[in-house]
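Chemist: This is final_16.cif, which holds mmCIF, C-alpha atoms:
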data_data
loop_
_atom_site.label_atom_id
_atom_site.label_comp_id
_atom_site.auth_asym_id
_atom_site.auth_seq_id
_atom_site.Cartn_x
_atom_site.Cartn_y
_atom_site.Cartn_z
CA MET A 370 112.38 55.81 73.36
CA ASN A 371 115.63 57.76 73.52
CA CYS A 372 115.53 61.52 73.17
CA PHE A 373 118.70 63.52 72.56
CA MET A 374 118.38 67.04 73.99
CA PHE A 375 120.76 69.73 72.74
CA PRO A 376 121.37 72.55 75.23
CA GLY A 377 122.05 76.17 74.32
CA GLN A 378 125.11 78.27 75.03
CA PRO A 379 127.04 77.15 78.13
CA LEU A 380 128.15 79.69 80.73
CA PHE A 381 131.77 78.54 80.79
CA THR A 382 134.25 76.14 79.20
CA ASP A 383 135.52 72.99 80.93
CA ALA A 384 138.91 71.31 81.05
CA HIS A 385 139.16 68.24 78.80
CA SER A 386 141.31 65.16 78.48
CA PRO A 387 143.91 65.56 75.70
CA ASP A 388 143.50 61.83 74.97
CA ASP A 389 139.88 62.10 73.89
CA SER A 390 139.94 61.21 70.18
CA ASP A 391 136.41 62.49 69.55
CA LEU A 392 137.30 65.80 71.12
CA LEU A 393 140.48 66.12 69.06
CA GLU A 394 138.62 65.38 65.82
CA VAL A 395 135.84 67.84 66.61
CA ALA A 396 138.42 70.42 67.73
CA LYS A 397 140.20 70.08 64.38
CA LEU A 398 136.93 70.47 62.48
CA THR A 399 136.01 73.49 64.62
CA ARG A 400 139.37 75.15 63.90
CA GLU A 401 138.96 74.55 60.17
CA ARG A 402 135.41 75.86 59.97
CA THR A 403 135.38 78.67 62.53
CA GLY A 404 138.97 79.57 63.46
CA LEU A 405 138.34 78.79 67.15
CA ASP A 406 140.61 76.36 68.97
CA ILE A 407 138.20 74.97 71.56
CA LEU A 408 141.08 73.42 73.52
CA ASP A 409 142.44 76.81 74.57
CA SER A 410 139.68 79.23 73.45
CA PHE A 411 142.12 80.93 71.06
CA TRP A 412 140.90 82.42 67.78
CA GLN A 413 143.03 82.04 64.69
CA GLY A 414 142.37 84.93 62.31
CA GLN A 415 139.52 87.28 63.16
CA PRO A 416 138.95 87.09 66.93
CA ALA A 417 135.50 87.06 68.53
CA GLY A 418 134.22 87.82 72.00
CA GLU A 419 133.34 85.51 74.87
CA SER A 420 129.74 84.91 73.83
CA VAL A 421 130.71 83.67 70.35
CA THR A 422 133.48 81.57 71.88
CA LEU A 423 130.99 79.91 74.22
CA GLN A 424 128.43 79.44 71.45
CA VAL A 425 130.92 77.65 69.19
CA TYR A 426 132.36 75.72 72.13
CA GLY A 427 128.84 74.60 73.10
CA ALA A 428 128.07 73.35 69.58
CA ALA A 429 131.42 71.54 69.44
CA MET A 430 130.83 69.85 72.80
CA SER A 431 127.41 68.68 71.64
CA LEU A 432 128.88 67.15 68.48
CA CYS A 433 131.62 65.52 70.51
CA HIS A 434 129.13 64.05 72.97
CA ALA A 435 126.91 62.80 70.13
CA ARG A 436 129.88 61.00 68.58
CA ARG A 437 130.59 59.27 71.90
CA LEU A 438 126.98 58.18 72.25
CA ALA A 439 126.98 56.85 68.69
CA ARG A 440 130.15 54.88 69.40
CA ASP A 441 128.48 53.42 72.49
CA GLY A 442 125.54 52.34 70.35
CA VAL A 443 123.09 54.87 71.81
CA LYS A 444 120.81 56.18 69.08
CA PRO A 445 118.15 58.88 69.27
CA GLY A 446 114.53 58.11 68.46
CA LEU A 447 113.74 61.81 68.84
CA ILE A 448 115.75 65.01 69.02
CA ALA A 449 114.96 68.23 70.87
CA GLU A 450 116.83 71.49 71.12
CA HIS A 451 117.04 74.53 73.35
CA SER A 452 118.05 77.94 71.97
CA MET A 453 121.40 77.75 70.16
CA GLY A 454 121.44 73.98 70.61
CA ILE A 455 119.55 73.89 67.31
CA TYR A 456 122.70 73.89 65.15
CA ALA A 457 124.23 70.74 66.64
CA ALA A 458 120.75 69.21 66.78
CA LEU A 459 120.39 69.74 63.03
CA ALA A 460 123.74 68.05 62.44
CA VAL A 461 122.90 65.01 64.55
CA SER A 462 119.47 64.75 62.92
CA GLY A 463 121.24 64.57 59.54
CA SER A 464 119.85 67.85 58.21
CA ILE A 465 123.28 69.51 57.88
CA ALA A 466 126.90 68.40 58.18
CA GLU A 467 128.83 68.80 61.43
CA GLY A 468 131.15 71.37 59.87
CA ASP A 469 128.20 73.39 58.62
CA ALA A 470 126.67 73.36 62.09
CA LEU A 471 129.87 74.76 63.57
CA GLU A 472 130.25 77.42 60.89
CA LEU A 473 126.58 78.37 61.17
CA THR A 474 126.88 78.74 64.94
CA CYS A 475 129.95 80.93 64.58
CA ARG A 476 128.54 83.17 61.85
CA ILE A 477 125.21 83.62 63.65
CA GLY A 478 127.15 84.45 66.81
CA ARG A 479 129.26 87.03 64.98
CA VAL A 480 126.17 88.74 63.57
CA MET A 481 124.66 88.91 67.06
CA GLU A 482 127.95 90.23 68.39
CA GLU A 483 127.52 93.30 66.17
CA MET A 484 124.65 94.37 68.42
CA SER A 485 127.01 94.82 71.34
CA GLY A 486 128.51 97.80 69.53
CA HIS A 487 125.18 99.62 69.69
CA GLY A 488 123.93 98.83 73.18
CA ALA A 489 124.51 96.98 76.44
CA TYR A 490 122.45 93.81 76.79
CA ALA A 491 122.02 91.17 79.45
CA LEU A 492 120.10 88.08 80.42
CA GLY A 493 118.32 87.74 83.75
CA CYS A 494 118.16 84.22 85.16
CA MET A 495 115.08 84.06 87.42
CA VAL A 496 114.34 81.12 89.72
CA GLY A 497 111.36 80.73 92.01
CA LEU A 498 108.66 83.09 90.79
CA PRO A 499 105.72 81.85 88.73
CA LEU A 500 105.04 83.16 85.23
CA GLU A 501 102.48 85.89 85.91
CA PRO A 502 104.48 88.10 88.29
CA LEU A 503 107.56 87.46 86.20
CA LEU A 504 105.80 88.79 83.09
CA SER A 505 104.73 91.88 85.04
CA ILE A 506 108.32 92.44 86.15
CA ALA A 507 109.50 92.10 82.54
CA GLU A 508 106.91 94.60 81.36
CA ASN A 509 107.66 97.05 84.18
CA ASN A 510 111.32 97.08 83.23
CA GLY A 511 111.00 97.02 79.44
CA VAL A 512 112.57 93.59 78.95
CA HIS A 513 111.31 90.33 77.47
CA LEU A 514 110.67 86.73 78.43
CA ALA A 515 113.37 84.73 76.61
CA ASN A 516 113.09 81.23 78.13
CA HIS A 517 110.14 79.53 79.78
CA ASN A 518 112.04 76.54 81.10
CA THR A 519 109.68 75.34 83.86
CA SER A 520 106.90 76.83 85.97
CA ARG A 521 109.59 78.45 88.14
CA HIS A 522 112.66 78.85 85.92
CA PHE A 523 112.76 81.70 83.44
CA LEU A 524 115.22 83.81 81.51
CA LEU A 525 114.59 87.45 80.74
CA SER A 526 116.46 89.23 77.97
CA GLY A 527 116.91 92.85 76.94
CA GLY A 528 118.81 96.03 77.71
CA ARG A 529 121.25 95.63 80.55
CA ALA A 530 119.83 98.44 82.68
CA GLY A 531 116.32 96.95 82.41
CA ILE A 532 117.56 93.48 83.30
CA GLU A 533 119.41 94.83 86.33
CA THR A 534 116.32 96.56 87.70
CA ALA A 535 114.18 93.50 86.86
CA VAL A 536 116.52 91.35 88.95
CA VAL A 537 116.17 93.69 91.90
CA GLU A 538 112.38 93.71 91.54
CA ALA A 539 112.26 89.91 91.23
CA LEU A 540 114.24 89.43 94.44
CA ALA A 541 112.01 91.93 96.23
CA SER A 542 108.99 89.97 94.95
CA GLY A 543 110.25 86.71 96.45
CA ALA A 544 112.38 85.14 93.71
CA PHE A 545 114.60 82.42 95.14
CA SER A 546 117.44 83.48 92.88
CA ALA A 547 117.85 86.22 90.27
CA LYS A 548 121.14 86.91 88.48
CA VAL A 549 122.38 89.09 85.63
CA PHE A 550 124.53 87.68 82.82
CA PRO A 551 125.94 90.17 80.30
CA CYS A 552 125.55 89.13 76.64
CA ASP A 553 126.17 90.46 73.14
CA ALA A 554 122.57 90.54 72.01
CA PRO A 555 119.04 90.32 73.45
CA LEU A 556 118.56 86.73 72.31
CA HIS A 557 115.00 85.41 71.89
CA THR A 558 113.40 88.86 71.78
CA PRO A 559 111.92 91.04 69.03
CA LEU A 560 114.92 93.35 69.50
CA MET A 561 116.91 90.86 67.42
CA ALA A 562 115.10 92.20 64.34
CA THR A 563 117.84 94.87 64.27
CA VAL A 564 120.20 92.28 62.78
CA GLU A 565 117.58 90.29 60.88
CA ALA A 566 119.09 91.04 57.46
CA GLY A 567 122.51 89.77 58.53
CA LEU A 568 121.01 86.66 60.10
CA ARG A 569 118.98 85.91 56.95
CA GLU A 570 122.10 86.23 54.84
CA VAL A 571 124.01 83.73 56.97
CA ILE A 572 121.13 81.27 57.17
CA ALA A 573 120.65 81.40 53.38
CA ASP A 574 124.23 80.29 52.80
CA PHE A 575 123.45 76.73 53.92
CA ARG A 576 121.28 73.94 52.53
CA TYR A 577 119.08 72.00 54.93
CA GLY A 578 118.08 68.40 54.33
CA GLU A 579 115.20 66.47 55.83
CA PRO A 580 116.00 65.46 59.42
CA ALA A 581 116.49 61.67 59.47
CA VAL A 582 115.52 61.67 63.16
CA PRO A 583 112.36 63.61 64.16
CA LEU A 584 113.45 66.99 65.52
CA MET A 585 110.97 68.89 67.71
CA ASN A 586 111.19 72.67 67.66
CA HIS A 587 110.96 74.61 70.93
CA ILE A 588 108.56 77.31 69.67
CA ASP A 589 105.40 75.33 68.93
CA GLN A 590 106.56 71.74 69.51
CA ASP A 591 106.14 70.71 65.86
CA TRP A 592 108.53 68.48 63.97
CA LEU A 593 110.87 70.47 61.78
CA THR A 594 110.91 69.68 58.07
CA ALA A 595 113.68 70.63 55.65
CA SER A 596 111.61 73.43 54.13
CA GLU A 597 110.95 74.96 57.56
CA VAL A 598 114.48 74.93 58.95
CA ALA A 599 115.73 78.25 57.53
CA ASP A 600 112.64 80.11 58.70
CA PHE A 601 112.86 78.49 62.12
CA LEU A 602 116.52 79.46 62.53
CA LEU A 603 115.53 83.12 62.22
CA ARG A 604 112.28 82.92 64.22
CA GLU A 605 113.88 81.14 67.13
CA LEU A 606 116.25 84.06 67.69
CA LEU A 607 113.30 86.47 67.95
CA LEU A 608 110.91 84.33 70.02
CA PRO A 609 111.11 82.74 73.48
CA VAL A 610 112.22 79.16 74.08
CA HIS A 611 109.39 77.05 75.54
CA TRP A 612 111.28 74.17 77.13
CA ASP A 613 108.52 73.27 79.61
CA ALA A 614 106.03 72.68 76.78
CA THR A 615 108.66 70.92 74.69
CA TYR A 616 109.56 68.42 77.40
CA ARG A 617 105.90 67.66 78.08
CA ALA A 618 105.30 67.17 74.34
CA LEU A 619 108.28 64.82 74.09
CA ARG A 620 106.93 62.79 76.98
CA ALA A 621 103.50 62.69 75.36
CA VAL A 622 104.89 61.17 72.15
CA GLY A 623 106.75 58.45 74.04
CA ALA A 624 110.20 59.78 74.89
CA SER A 625 111.31 57.95 78.03
CA ARG A 626 115.12 58.22 78.23
CA PHE A 627 116.63 61.66 77.92
CA PHE A 628 120.27 62.34 77.08
CA GLU A 629 121.58 65.87 77.47
CA VAL A 630 124.00 66.01 74.57
CA GLY A 631 126.46 68.78 75.31
CA ALA A 632 127.90 70.90 78.08
CA GLY A 633 126.19 71.08 81.46
CA ASP A 634 123.02 69.49 82.79
CA ALA A 635 120.47 72.32 82.98
CA LEU A 636 117.93 70.58 80.75
CA LYS A 637 117.99 67.43 82.91
CA LYS A 638 117.36 69.62 85.95
CA TYR A 639 114.44 71.38 84.27
CA ASN A 640 113.01 67.98 83.36
CA ARG A 641 113.44 66.81 86.95
CA TRP A 642 111.50 69.83 88.16
CA ILE A 643 108.69 69.28 85.64
CA ASP A 644 108.46 65.59 86.58
CA SER A 645 108.43 66.30 90.30
CA GLU A 646 105.76 68.95 89.85
CA ALA A 647 103.61 66.48 87.90
CA ALA A 648 104.09 63.93 90.68
CA ARG A 649 103.10 66.49 93.33
CA SER A 650 99.90 67.41 91.52
CA ALA A 651 98.96 63.78 90.71
CA MET B 492 120.40 67.87 116.19
CA SER B 493 120.55 64.10 115.67
CA GLU B 494 122.68 62.01 113.37
CA GLU B 495 119.42 60.51 112.17
CA LEU B 496 118.28 63.91 110.91
CA ILE B 497 121.65 64.44 109.20
CA THR B 498 121.20 61.13 107.37
CA GLN B 499 117.62 62.02 106.47
CA VAL B 500 118.80 65.30 104.94
CA LYS B 501 121.44 63.49 102.91
CA GLN B 502 118.82 61.06 101.65
CA LEU B 503 116.52 63.98 100.81
CA ILE B 504 119.30 65.51 98.70
CA ILE B 505 119.93 62.22 96.88
CA ASP B 506 116.25 61.53 96.26
CA SER B 507 115.08 65.00 95.30
CA LEU B 508 118.05 65.69 93.04
CA ARG B 509 117.98 62.15 91.59
CA ILE B 510 121.69 61.63 92.27
CA GLU B 511 122.26 58.13 90.98
CA GLY B 512 124.64 55.69 92.65
CA MET B 513 125.32 57.84 95.71
CA ASP B 514 124.95 56.71 99.30
CA PRO B 515 124.22 59.17 102.15
CA GLY B 516 127.57 58.19 103.67
CA GLU B 517 129.36 59.64 100.66
CA ILE B 518 128.08 63.17 101.33
CA GLU B 519 130.20 65.15 103.77
CA THR B 520 128.10 66.79 106.46
CA ASP B 521 130.05 70.06 106.48
CA ALA B 522 131.11 70.29 102.85
CA PRO B 523 129.70 73.22 100.84
CA LEU B 524 126.69 72.21 98.76
CA PHE B 525 127.43 74.75 96.03
CA GLY B 526 130.58 75.20 94.00
CA GLU B 527 133.39 72.94 95.16
CA GLY B 528 131.25 70.58 97.26
CA LEU B 529 128.35 68.76 95.64
CA GLY B 530 128.37 71.38 92.87
CA LEU B 531 124.72 72.31 93.23
CA ASP B 532 123.17 75.38 91.62
CA SER B 533 120.05 77.52 92.05
CA ILE B 534 117.93 75.01 90.11
CA ASP B 535 118.92 72.33 92.60
CA ALA B 536 118.36 74.66 95.53
CA LEU B 537 114.75 75.33 94.55
CA GLN B 538 114.21 71.58 94.24
CA LEU B 539 115.54 71.20 97.79
CA VAL B 540 113.25 73.97 99.04
CA VAL B 541 110.22 72.07 97.77
CA ALA B 542 111.47 68.75 99.14
CA MET B 543 112.13 70.24 102.59
CA GLU B 544 108.62 71.67 102.69
CA LYS B 545 107.09 68.37 101.58
CA ASP B 546 109.11 66.09 103.86
CA PHE B 547 109.56 68.28 106.94
CA GLY B 548 106.98 71.03 106.63
CA VAL B 549 109.77 73.60 106.67
CA VAL B 550 109.58 76.72 104.51
CA VAL B 551 112.60 78.60 103.15
CA PRO B 552 110.92 81.94 102.53
CA ASP B 553 113.48 83.88 100.51
CA ALA B 554 116.87 83.96 98.83
CA GLU B 555 118.58 85.44 101.87
CA THR B 556 117.43 82.57 104.11
CA GLY B 557 118.29 80.07 101.38
CA ALA B 558 121.88 81.33 101.24
CA VAL B 559 122.25 80.47 104.93
CA VAL B 560 120.29 77.21 104.88
CA PHE B 561 122.02 75.68 101.88
CA GLN B 562 125.59 76.14 103.01
CA SER B 563 125.94 72.49 103.99
CA VAL B 564 124.02 69.40 105.08
CA ARG B 565 124.55 70.46 108.67
CA SER B 566 123.05 73.92 108.11
CA MET B 567 120.05 72.34 106.36
CA ALA B 568 119.53 69.93 109.26
CA GLN B 569 119.94 72.77 111.76
CA TYR B 570 117.28 74.84 109.99
CA ILE B 571 114.90 71.86 109.84
CA ALA B 572 115.43 71.07 113.53
CA GLU B 573 114.67 74.66 114.48
CA ASN B 574 111.68 75.18 112.21
CA ARG B 575 109.85 71.94 111.64
CA LYS B 576 106.31 71.65 112.88
#
Have the structure of the file written as C-alpha cells, please.
Modeler:
Amino acid sequence: MNCFMFPGQPLFTDAHSPDDSDLLEVAKLTRERTGLDILDSFWQGQPAGESVTLQVYGAAMSLCHARRLARDGVKPGLIAEHSMGIYAALAVSGSIAEGDALELTCRIGRVMEEMSGHGAYALGCMVGLPLEPLLSIAENNGVHLANHNTSRHFLLSGGRAGIETAVVEALASGAFSAKVFPCDAPLHTPLMATVEAGLREVIADFRYGEPAVPLMNHIDQDWLTASEVADFLLRELLLPVHWDATYRALRAVGASRFFEVGAGDALKKYNRWIDSEAARSA
Amino acid sequence: MSEELITQVKQLIIDSLRIEGMDPGEIETDAPLFGEGLGLDSIDALQLVVAMEKDFGVVVPDAETGAVVFQSVRSMAQYIAENRK
C-alpha cells in the first residue's frame, strides 16, 4: 500500500525548471493566497522572514509534488505528516483546499514569527546519541525534545543560548553530529503557548472536512477525523513529533511503498535507519 | 590499500544508503562524499558508521574522526585498512 509522507519545513529552497506546469500553477496559487512568489522568494505586500518563506515554500513544493504523482497515476492509500507537513497533507487528503493549506501555513508561520521579537530561539539537530542522554542534555540546558525521528536522530528546540550549550554538551557526550539552526519560534515545545491565542484564531478561520484518505497524526499515531483537525493543528505545535513511532505504525497497518511528497529526503533516510535497525536486531 | 577494498567501500555506500540504480564504478574514489560530491548528510554518515562497523569491524568513535573518515571513498578505505581487525 502506498503511503504519502509530507515533510516539515525545508532548510533551503531549490532551483526549479521554469517549464514545470505544476510548479507554475502552484506558484500562482501561492502568490494569490500568501503573497510569496516561490520562484524567487519575493514577498508581494507584507514581507516575512526566512522561516515563513521556507514554511510556505515547503507546503507549495509538497502540493506540486502531489500533483505530479497524481498525474502519474500514483495514489496514496495512507497519508502521514511530519511537523508543518500537516497543512499540505490535509490538502492532499481532501480535508482542505490547496489554497487554504497555503494560506494556513503562511498565517501560522506569521504568528510564530511574532515570537522572534521577544526572544532568540533555535533548533538543535542531534545525530548519534540515544534518547536517554539526549533528554538529560535537554533538561540540563533548559530546552525541549521537539522531534524523535529515530533512535539516534533528534531535534531539540528552545532558547538559542540553551540550544547552543546543549550542542556543545551533546558533542562532548559522543554525538556524531550536533548543529544549531536559528528559528523564529521554539516549535513543538510548550513555549509555543505564548502565541496560542493567535494560533487558535488562525486555525478557527478554516473549515476542515473528513480526510478522504486516512491521515495518521504524528503525536499518537491515530487517524485524524474532521472534528479533531483544528485541535491537532494547535497541539502539534506544542508537542514533539514522533516520527519513529509513526513510521512503525504505518508499517504495521500495511504501508509498503513510501513517497516523500515535498522538498528533501529526510523522512526516507529516517525510515531507512529504522528499517536497518530492525534488520540488525532481527 | 587495494582496489578491491575501494570497490567494497563503494558497494557498502550503495547498499547501506539504498542508492538505487548506481554501480560502484559510478562513484569517484576521491570525490567529496558531502556537499558537491554524492551529496550525503549527517543522517547518511551515521548509517555508514554502522555499516562500517558491521562489515569491517571498524569503529568511528566521534564526530572529529568522522569528519576525516568521510571525506571521500579513499579516506574511508584508508581508515578501514588501518583499523580493521
Chemist: Kindly determine which residues of chain B lie within 9 Å of chain A, considering all atoms listed in the file, and give the answer as a JSON list (two decimals) with C-alpha atoms, in the coordinates of the input.
Modeler:
[["chain", "number", "residue", "atom", "x", "y", "z"],
["B", 507, "SER", "CA", 115.08, 65.00, 95.30],
["B", 508, "LEU", "CA", 118.05, 65.69, 93.04],
["B", 509, "ARG", "CA", 117.98, 62.15, 91.59],
["B", 533, "SER", "CA", 120.05, 77.52, 92.05],
["B", 534, "ILE", "CA", 117.93, 75.01, 90.11],
["B", 535, "ASP", "CA", 118.92, 72.33, 92.60],
["B", 536, "ALA", "CA", 118.36, 74.66, 95.53],
["B", 537, "LEU", "CA", 114.75, 75.33, 94.55],
["B", 538, "GLN", "CA", 114.21, 71.58, 94.24],
["B", 552, "PRO", "CA", 110.92, 81.94, 102.53],
["B", 553, "ASP", "CA", 113.48, 83.88, 100.51],
["B", 554, "ALA", "CA", 116.87, 83.96, 98.83],
["B", 555, "GLU", "CA", 118.58, 85.44, 101.87],
["B", 557, "GLY", "CA", 118.29, 80.07, 101.38]]
Chemist: Which of these, A:Gly442, A:Pro376, A:Pro555, A:Gly418, has the shortest distance to Ala458 (chain A) once you count all atoms listed in the file?
Modeler: A:Pro376
Chemist: Skipping near chain neighbours, those fewer than 6 positions away, what residues fall within 8 Å of region 527-530 of chain A using all atoms listed in the file, listed as a ChimeraX atom specification?
Modeler: /A:488-492,511-513,551,554-556,558,560
Chemist: What's around Ile504 (chain B) at 9 Å? Count only C-alpha atoms, leave out sequence neighbours fewer than 3 positions away in its own chain, and write the answer as a PyMOL selection string.
Modeler: chain B and resi 499-501+507-510+515+539+542+564
Chemist: So what do you get for CA of Phe381 (chain A) versus CA of Leu524 (chain A), distance-wise?
Modeler: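 Atom-to-atom, CA of Phe381 (chain A) and CA of Leu524 (chain A) are spaced 17.4 Å apart.
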Chemist: Could you list, as a count of residues only, every residue matched by the PyMOL selection byres ((chain A and resi 408) around 9) in this structure?
Modeler: 12
